[in-house]
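Text of the file entry.csv, holding CSV, C-alpha atoms and all ligand atoms:
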```csv
chain,number,residue,atom,x,y,z
A,368,MET,CA,2.2,12.1,23.3
A,369,LYS,CA,4.8,9.3,22.8
A,370,ILE,CA,3.5,6.6,20.5
A,371,SER,CA,5.5,3.4,19.6
A,372,PHE,CA,5.0,1.0,16.8
A,373,GLN,CA,7.0,-1.1,14.4
A,374,ILE,CA,7.4,0.2,10.8
A,375,ASN,CA,8.9,-1.8,8.0
A,376,GLY,CA,10.4,-4.1,10.6
A,377,VAL,CA,12.0,-1.3,12.7
A,378,PRO,CA,10.7,-0.2,16.2
A,379,GLN,CA,10.0,3.5,16.2
A,380,SER,CA,8.7,6.0,18.8
A,381,VAL,CA,7.3,9.4,17.9
A,382,ASP,CA,6.3,12.3,20.1
A,383,VAL,CA,3.4,14.0,18.3
A,384,ASP,CA,-0.2,15.0,18.9
A,385,GLU,CA,-2.1,11.7,19.2
A,386,ASN,CA,-4.7,12.8,16.6
A,387,THR,CA,-2.1,13.5,13.9
A,388,PRO,CA,-2.9,11.5,10.8
A,389,LEU,CA,-0.5,8.6,10.4
A,390,LEU,CA,0.3,9.8,6.9
A,391,TRP,CA,2.0,12.9,8.2
A,392,VAL,CA,3.9,11.0,10.8
A,393,VAL,CA,5.2,8.6,8.1
A,394,ARG,CA,6.0,11.3,5.6
A,395,ASP,CA,7.2,14.2,7.8
A,396,VAL,CA,8.5,12.7,11.0
A,397,LEU,CA,9.9,9.4,9.6
A,398,ASP,CA,10.7,10.8,6.2
A,399,LEU,CA,9.2,7.9,4.2
A,400,LYS,CA,7.9,9.8,1.2
A,401,GLY,CA,6.5,6.9,-0.8
A,402,THR,CA,3.1,7.1,0.8
A,403,LYS,CA,1.2,10.0,-1.0
A,404,PHE,CA,-1.3,12.7,-0.1
A,405,GLY,CA,-4.2,12.9,-2.5
A,406,CYS,CA,-7.5,14.0,-1.1
A,407,GLY,CA,-7.0,13.9,2.6
A,408,LYS,CA,-10.5,12.5,3.2
A,409,ALA,CA,-10.2,8.7,2.7
A,410,ALA,CA,-11.5,8.9,-0.9
A,411,CYS,CA,-8.6,8.4,-3.3
A,412,GLY,CA,-6.4,5.8,-1.7
A,413,ALA,CA,-3.0,7.5,-2.5
A,414,CYS,CA,-2.1,7.3,1.2
A,415,THR,CA,-2.8,3.5,1.6
A,416,LEU,CA,-0.4,1.5,3.8
A,417,HIS,CA,-0.8,-1.6,6.0
A,418,VAL,CA,-1.5,-1.7,9.7
A,419,ASP,CA,-1.3,-5.2,11.0
A,420,GLY,CA,-1.7,-6.4,7.4
A,421,GLU,CA,-4.9,-4.4,6.8
A,422,ALA,CA,-4.8,-1.8,4.0
A,423,ILE,CA,-5.8,1.6,5.6
A,424,ARG,CA,-6.1,5.1,4.4
A,425,SER,CA,-3.5,6.8,6.5
A,426,CYS,CA,-4.7,10.4,5.9
A,427,SER,CA,-7.8,9.5,7.9
A,428,TYR,CA,-6.2,7.3,10.6
A,429,ALA,CA,-5.0,9.0,13.8
A,430,VAL,CA,-1.5,7.9,14.8
A,431,LYS,CA,-2.8,6.9,18.3
A,432,TYR,CA,-4.5,3.9,16.8
A,433,ALA,CA,-1.1,2.7,15.6
A,434,GLU,CA,0.3,2.2,19.1
A,435,GLY,CA,1.9,-1.2,19.3
A,436,LYS,CA,1.0,-2.1,15.8
A,437,ASP,CA,3.0,-3.3,12.8
A,438,ILE,CA,3.0,-0.8,9.9
A,439,THR,CA,4.3,-1.5,6.4
A,440,THR,CA,4.7,1.2,3.8
A,441,ILE,CA,5.7,0.9,0.1
A,442,GLU,CA,9.3,1.2,1.2
A,443,GLY,CA,9.0,-2.0,3.2
A,444,LEU,CA,6.9,-4.0,0.8
A,445,GLY,CA,10.0,-5.2,-1.1
A,446,ASN,CA,13.2,-3.8,-2.5
A,447,ALA,CA,15.1,-3.6,-5.8
A,448,ASP,CA,16.8,-7.0,-5.1
A,449,HIS,CA,13.6,-8.7,-3.8
A,450,PRO,CA,10.6,-7.0,-5.1
A,451,HIS,CA,7.2,-8.0,-3.8
A,452,PRO,CA,5.2,-9.9,-6.4
A,453,VAL,CA,3.0,-6.8,-6.8
A,454,GLN,CA,6.0,-4.6,-7.5
A,455,GLN,CA,7.4,-7.2,-9.9
A,456,ALA,CA,4.1,-7.4,-11.8
A,457,TRP,CA,3.8,-3.6,-11.9
A,458,MET,CA,7.2,-3.4,-13.5
A,459,GLU,CA,6.4,-6.2,-16.0
A,460,GLU,CA,3.2,-4.5,-17.1
A,461,VAL,CA,4.7,-1.0,-17.0
A,462,VAL,CA,1.7,0.2,-15.1
A,463,PRO,CA,2.6,3.7,-13.9
A,464,GLN,CA,2.0,6.9,-15.9
A,465,CYS,CA,2.8,9.9,-13.6
A,466,GLY,CA,3.2,7.4,-10.8
A,467,TYR,CA,1.6,9.4,-8.0
A,468,CYS,CA,-1.2,7.1,-7.2
A,469,GLN,CA,0.8,3.9,-7.7
A,470,PRO,CA,2.2,3.2,-4.2
A,471,GLY,CA,-1.4,3.3,-2.8
A,472,PHE,CA,-2.6,0.9,-5.5
A,473,MET,CA,0.2,-1.5,-4.8
A,474,MET,CA,-0.4,-1.5,-1.1
A,475,ALA,CA,-4.1,-2.1,-1.6
A,476,THR,CA,-3.4,-4.9,-4.0
A,477,ALA,CA,-0.8,-6.6,-1.7
A,478,ALA,CA,-3.3,-6.6,1.1
A,479,MET,CA,-6.1,-8.0,-1.1
A,480,LEU,CA,-3.9,-10.9,-2.3
A,481,GLU,CA,-3.3,-12.0,1.3
A,482,LYS,CA,-7.1,-12.5,1.6
A,483,ILE,CA,-8.0,-13.3,-2.0
A,484,PRO,CA,-5.0,-15.1,-3.7
A,485,ASN,CA,-6.7,-15.5,-7.0
A,486,PRO,CA,-9.0,-12.5,-7.5
A,487,THR,CA,-11.5,-12.3,-10.3
A,488,ASP,CA,-12.2,-9.1,-12.1
A,489,GLU,CA,-15.2,-8.7,-9.8
A,490,ASP,CA,-13.0,-9.1,-6.7
A,491,ILE,CA,-10.7,-6.5,-8.1
A,492,ASP,CA,-13.5,-4.1,-8.8
A,493,ALA,CA,-14.9,-4.6,-5.2
A,494,ASN,CA,-11.6,-4.3,-3.4
A,495,ILE,CA,-9.3,-2.0,-5.3
A,496,VAL,CA,-11.3,1.2,-5.3
A,497,ASN,CA,-8.4,3.7,-5.4
A,498,ILE,CA,-8.4,6.5,-7.9
A,499,CYS,CA,-5.9,7.0,-10.7
A,500,ARG,CA,-6.2,10.3,-12.6
A,501,CYS,CA,-4.0,9.0,-15.4
A,502,GLY,CA,-6.4,6.1,-16.0
A,503,THR,CA,-4.0,3.3,-15.7
A,504,TYR,CA,-6.8,0.9,-14.7
A,505,TYR,CA,-6.4,-1.5,-17.7
A,506,ARG,CA,-2.7,-2.1,-17.1
A,507,MET,CA,-3.3,-2.3,-13.4
A,508,ARG,CA,-5.9,-5.1,-13.8
A,509,LYS,CA,-3.4,-7.1,-15.9
A,510,ALA,CA,-0.7,-6.5,-13.3
A,511,ILE,CA,-3.0,-7.6,-10.4
A,512,HIS,CA,-3.7,-10.9,-12.2
A,513,ARG,CA,0.1,-11.3,-12.9
A,514,ALA,CA,0.9,-10.5,-9.2
A,515,ALA,CA,-1.6,-13.2,-8.2
A,516,GLU,CA,0.4,-15.7,-10.3
A,517,LEU,CA,3.7,-14.6,-8.9
A,518,HIS,CA,2.4,-14.6,-5.4
A,519,HIS,CA,1.1,-18.1,-5.9
A,520,VAL,CA,4.5,-19.3,-7.1
A,521,ASN,CA,6.2,-17.6,-4.1
A,522,THR,CA,3.8,-19.2,-1.7
A,523,GLN,CA,4.4,-22.7,-3.2
A,524,ASN,CA,8.2,-22.3,-3.0
A,525,SER,CA,8.2,-21.0,0.6
B,601,LIG,S1,-5.1,11.0,0.6
B,601,LIG,FE1,-5.9,9.5,1.9
B,601,LIG,S2,-7.5,8.6,0.7
B,601,LIG,FE2,-6.8,10.3,-0.5
B,602,LIG,S1,-0.5,7.0,-12.6
B,602,LIG,FE1,-0.9,9.2,-12.5
B,602,LIG,S2,-2.5,9.3,-11.1
B,602,LIG,FE2,-2.3,7.2,-11.4
```

For this file, produce the structure as structure tokens.
Amino acid sequence: MKISFQINGVPQSVDVDENTPLLWVVRDVLDLKGTKFGCGKAACGACTLHVDGEAIRSCSYAVKYAEGKDITTIEGLGNADHPHPVQQAWMEEVVPQCGYCQPGFMMATAAMLEKIPNPTDEDIDANIVNICRCGTYYRMRKAIHRAAELHHVNTQNS
């Protein structure tokens, strides 16, 4: 079945089984490898990306639901010259250890900041429920607060 959507600002059409998880379309058909496979059952968050601005777990999201929607992956969040505030904060706080879970955390954080610009620790605990096997949670929390500051500055300047 042909399914069309926009991904990282670019219109795309794919011809796949409509029930294929969006994760495999993104990774294997579109060759965007930043979105990771962890558990495959919506439990770990490694596969988090945005569909119409909402953080979703793409391992458990059939591609048919993406028809006509606007998808953003970690590759489209920012770039080396213009990192997203979350990416900037992650670099400043040197968050990653092995790095595998980090794109999912950054995508979940970016979506949260659009809804909760100044999250408390309780907001972070309630909204960022991904899993990091390396236990980078402490640096991650600092980076989320720093990202909120940077996001605020960007919003004021735009
Ligand atoms: S791989 Fe999707 S939530 Fe774990
Ligand atoms: S940095 Fe290794 S799993 Fe999170």

Within 7 Å of ligand LIG 602 (chain B) (only C-alpha atoms and all ligand atoms), residues as number ranges by chain: A: 463-469, 499-503

Within-6 Å residues of ligand LIG 601 (chain B), basis all atoms listed in the file, as a list in words: Phe404, Gly405, Cys406, Gly407, Lys408, Ala409, Ala410, Cys411, Gly412, Ala413, Cys414, Arg424, Ser425 and Cys426 of chain A

Just to be explicit: take each residue in the selection above, keep C-alpha atoms, and write the result as a compact mmCIF listing (two decimals), in the frame of the given file.
```
# COMPACT_ATOMS: atom_id res chain seq x y z
CA PHE A 404 -1.30 12.70 -0.10
CA GLY A 405 -4.20 12.90 -2.50
CA CYS A 406 -7.50 14.00 -1.10
CA GLY A 407 -7.00 13.90 2.60
CA LYS A 408 -10.50 12.50 3.20
CA ALA A 409 -10.20 8.70 2.70
CA ALA A 410 -11.50 8.90 -0.90
CA CYS A 411 -8.60 8.40 -3.30
CA GLY A 412 -6.40 5.80 -1.70
CA ALA A 413 -3.00 7.50 -2.50
CA CYS A 414 -2.10 7.30 1.20
CA ARG A 424 -6.10 5.10 4.40
CA SER A 425 -3.50 6.80 6.50
CA CYS A 426 -4.70 10.40 5.90
```

Atom-to-atom span, atom CA of A:Gly435 and atom CA of A:Lys369, Å: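 Straight-line distance from atom CA of A:Gly435 to atom CA of A:Lys369 works out to 11.4 Å.
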
Between atom CA of A:His518 and atom CA of A:Glu460 - distance in Å to one decimal: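 Distance reported for this atom pair: 15.5 Å.
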
Interatomic distance (Å, one decimal) between atom CA of A:Asp419 and atom CA of A:Ala433: 9.1 Å

Neighbour list for A:Gly420 as a ChimeraX atom specification, cut-off 8 Å, only C-alpha atoms, skip fewer than 6 positions in-chain: /A:437-439,478

Which residue of A:Met368, A:Leu517, A:Ile423, A:Val418 approaches A:Asn386 most closely, using only C-alpha atoms: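 Using only C-alpha atoms, the shortest distance to A:Asn386 belongs to A:Met368.
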
From A:His417, A:Lys400, A:Lys482, A:Lys431, residue lying nearest A:Glu385 [only C-alpha atoms]: A:Lys431

Counting only C-alpha atoms, the residue of A:Ser371, A:Leu480, A:Leu389, A:Ala510 that sits nearest A:Gln455: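 Looking at the shortest contact to A:Gln455, the residue is A:Ala510.
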
Within 7 Å of A:Ile511 using only C-alpha atoms, minus same-chain residues under 4 positions, as an MDAnalysis selection string: chainID A and resid 476 507 515

From A:Val520, A:Ala422, A:Ala429, A:Ala493, residue lying nearest A:Met474 [all atoms listed in the file]: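 Checking each of A:Val520, A:Ala422, A:Ala429, A:Ala493 against A:Met474, counting all atoms listed in the file, the winner is A:Ala422.
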
Can you take the partial stretch 418-450 of chain A, add N, CA and C atoms, and return it as a PDB file, in the coordinates of the input?
```
ATOM      1  N   VAL A 418      -1.573  -1.590   8.256  1.00  0.00           N
ATOM      2  CA  VAL A 418      -1.500  -1.700   9.700  1.00  0.00           C
ATOM      3  C   VAL A 418      -1.915  -3.047  10.117  1.00  0.00           C
ATOM      4  N   ASP A 419      -1.005  -3.807  10.697  1.00  0.00           N
ATOM      5  CA  ASP A 419      -1.300  -5.200  11.000  1.00  0.00           C
ATOM      6  C   ASP A 419      -1.862  -5.960   9.829  1.00  0.00           C
ATOM      7  N   GLY A 420      -1.308  -5.693   8.653  1.00  0.00           N
ATOM      8  CA  GLY A 420      -1.700  -6.400   7.400  1.00  0.00           C
ATOM      9  C   GLY A 420      -2.949  -5.900   6.758  1.00  0.00           C
ATOM     10  N   GLU A 421      -3.637  -4.957   7.365  1.00  0.00           N
ATOM     11  CA  GLU A 421      -4.900  -4.400   6.800  1.00  0.00           C
ATOM     12  C   GLU A 421      -4.498  -3.132   5.989  1.00  0.00           C
ATOM     13  N   ALA A 422      -5.044  -2.987   4.787  1.00  0.00           N
ATOM     14  CA  ALA A 422      -4.800  -1.800   4.000  1.00  0.00           C
ATOM     15  C   ALA A 422      -5.699  -0.653   4.663  1.00  0.00           C
ATOM     16  N   ILE A 423      -5.064   0.436   5.049  1.00  0.00           N
ATOM     17  CA  ILE A 423      -5.800   1.600   5.600  1.00  0.00           C
ATOM     18  C   ILE A 423      -5.414   2.851   4.918  1.00  0.00           C
ATOM     19  N   ARG A 424      -6.296   3.827   5.011  1.00  0.00           N
ATOM     20  CA  ARG A 424      -6.100   5.100   4.400  1.00  0.00           C
ATOM     21  C   ARG A 424      -5.480   6.049   5.452  1.00  0.00           C
ATOM     22  N   SER A 425      -4.181   6.233   5.379  1.00  0.00           N
ATOM     23  CA  SER A 425      -3.500   6.800   6.500  1.00  0.00           C
ATOM     24  C   SER A 425      -3.745   8.322   6.681  1.00  0.00           C
ATOM     25  N   CYS A 426      -4.350   8.976   5.688  1.00  0.00           N
ATOM     26  CA  CYS A 426      -4.700  10.400   5.900  1.00  0.00           C
ATOM     27  C   CYS A 426      -5.828  10.549   6.864  1.00  0.00           C
ATOM     28  N   SER A 427      -6.570   9.469   7.092  1.00  0.00           N
ATOM     29  CA  SER A 427      -7.800   9.500   7.900  1.00  0.00           C
ATOM     30  C   SER A 427      -7.642   8.543   9.100  1.00  0.00           C
ATOM     31  N   TYR A 428      -6.428   8.283   9.545  1.00  0.00           N
ATOM     32  CA  TYR A 428      -6.200   7.300  10.600  1.00  0.00           C
ATOM     33  C   TYR A 428      -5.246   7.969  11.612  1.00  0.00           C
ATOM     34  N   ALA A 429      -5.789   8.295  12.767  1.00  0.00           N
ATOM     35  CA  ALA A 429      -5.000   9.000  13.800  1.00  0.00           C
ATOM     36  C   ALA A 429      -3.863   8.081  14.267  1.00  0.00           C
ATOM     37  N   VAL A 430      -2.697   8.681  14.466  1.00  0.00           N
ATOM     38  CA  VAL A 430      -1.500   7.900  14.800  1.00  0.00           C
ATOM     39  C   VAL A 430      -1.712   7.144  16.145  1.00  0.00           C
ATOM     40  N   LYS A 431      -2.594   7.635  17.016  1.00  0.00           N
ATOM     41  CA  LYS A 431      -2.800   6.900  18.300  1.00  0.00           C
ATOM     42  C   LYS A 431      -3.286   5.507  18.104  1.00  0.00           C
ATOM     43  N   TYR A 432      -3.970   5.255  17.002  1.00  0.00           N
ATOM     44  CA  TYR A 432      -4.500   3.900  16.800  1.00  0.00           C
ATOM     45  C   TYR A 432      -3.364   2.948  16.306  1.00  0.00           C
ATOM     46  N   ALA A 433      -2.190   3.507  16.000  1.00  0.00           N
ATOM     47  CA  ALA A 433      -1.100   2.700  15.600  1.00  0.00           C
ATOM     48  C   ALA A 433      -0.220   2.174  16.717  1.00  0.00           C
ATOM     49  N   GLU A 434      -0.518   2.607  17.925  1.00  0.00           N
ATOM     50  CA  GLU A 434       0.300   2.200  19.100  1.00  0.00           C
ATOM     51  C   GLU A 434       0.393   0.668  19.157  1.00  0.00           C
ATOM     52  N   GLY A 435       1.637   0.199  19.199  1.00  0.00           N
ATOM     53  CA  GLY A 435       1.900  -1.200  19.300  1.00  0.00           C
ATOM     54  C   GLY A 435       1.671  -2.055  18.087  1.00  0.00           C
ATOM     55  N   LYS A 436       1.368  -1.385  16.981  1.00  0.00           N
ATOM     56  CA  LYS A 436       1.000  -2.100  15.800  1.00  0.00           C
ATOM     57  C   LYS A 436       2.207  -2.245  14.817  1.00  0.00           C
ATOM     58  N   ASP A 437       1.981  -3.018  13.787  1.00  0.00           N
ATOM     59  CA  ASP A 437       3.000  -3.300  12.800  1.00  0.00           C
ATOM     60  C   ASP A 437       2.595  -2.622  11.490  1.00  0.00           C
ATOM     61  N   ILE A 438       3.370  -1.622  11.094  1.00  0.00           N
ATOM     62  CA  ILE A 438       3.000  -0.800   9.900  1.00  0.00           C
ATOM     63  C   ILE A 438       3.971  -1.204   8.768  1.00  0.00           C
ATOM     64  N   THR A 439       3.419  -1.301   7.579  1.00  0.00           N
ATOM     65  CA  THR A 439       4.300  -1.500   6.400  1.00  0.00           C
ATOM     66  C   THR A 439       3.901  -0.402   5.379  1.00  0.00           C
ATOM     67  N   THR A 440       4.927   0.261   4.852  1.00  0.00           N
ATOM     68  CA  THR A 440       4.700   1.200   3.800  1.00  0.00           C
ATOM     69  C   THR A 440       5.309   0.647   2.494  1.00  0.00           C
ATOM     70  N   ILE A 441       5.135   1.366   1.407  1.00  0.00           N
ATOM     71  CA  ILE A 441       5.700   0.900   0.100  1.00  0.00           C
ATOM     72  C   ILE A 441       7.170   0.631   0.207  1.00  0.00           C
ATOM     73  N   GLU A 442       7.864   1.397   1.048  1.00  0.00           N
ATOM     74  CA  GLU A 442       9.300   1.200   1.200  1.00  0.00           C
ATOM     75  C   GLU A 442       9.650  -0.147   1.798  1.00  0.00           C
ATOM     76  N   GLY A 443       8.704  -0.709   2.567  1.00  0.00           N
ATOM     77  CA  GLY A 443       9.000  -2.000   3.200  1.00  0.00           C
ATOM     78  C   GLY A 443       8.318  -3.162   2.545  1.00  0.00           C
ATOM     79  N   LEU A 444       7.601  -2.918   1.456  1.00  0.00           N
ATOM     80  CA  LEU A 444       6.900  -4.000   0.800  1.00  0.00           C
ATOM     81  C   LEU A 444       7.910  -4.954   0.111  1.00  0.00           C
ATOM     82  N   GLY A 445       8.917  -4.389  -0.485  1.00  0.00           N
ATOM     83  CA  GLY A 445      10.000  -5.200  -1.100  1.00  0.00           C
ATOM     84  C   GLY A 445      11.109  -4.211  -1.434  1.00  0.00           C
ATOM     85  N   ASN A 446      12.123  -4.697  -2.133  1.00  0.00           N
ATOM     86  CA  ASN A 446      13.200  -3.800  -2.500  1.00  0.00           C
ATOM     87  C   ASN A 446      13.686  -4.162  -3.914  1.00  0.00           C
ATOM     88  N   ALA A 447      14.673  -3.433  -4.396  1.00  0.00           N
ATOM     89  CA  ALA A 447      15.100  -3.600  -5.800  1.00  0.00           C
ATOM     90  C   ALA A 447      15.599  -5.067  -6.006  1.00  0.00           C
ATOM     91  N   ASP A 448      16.253  -5.642  -4.990  1.00  0.00           N
ATOM     92  CA  ASP A 448      16.800  -7.000  -5.100  1.00  0.00           C
ATOM     93  C   ASP A 448      15.665  -8.049  -4.947  1.00  0.00           C
ATOM     94  N   HIS A 449      14.733  -7.766  -4.078  1.00  0.00           N
ATOM     95  CA  HIS A 449      13.600  -8.700  -3.800  1.00  0.00           C
ATOM     96  C   HIS A 449      12.308  -7.982  -3.827  1.00  0.00           C
ATOM     97  N   PRO A 450      11.845  -7.645  -5.037  1.00  0.00           N
ATOM     98  CA  PRO A 450      10.600  -7.000  -5.100  1.00  0.00           C
ATOM     99  C   PRO A 450       9.410  -7.862  -4.684  1.00  0.00           C
TER     100      PRO A 450
END
```
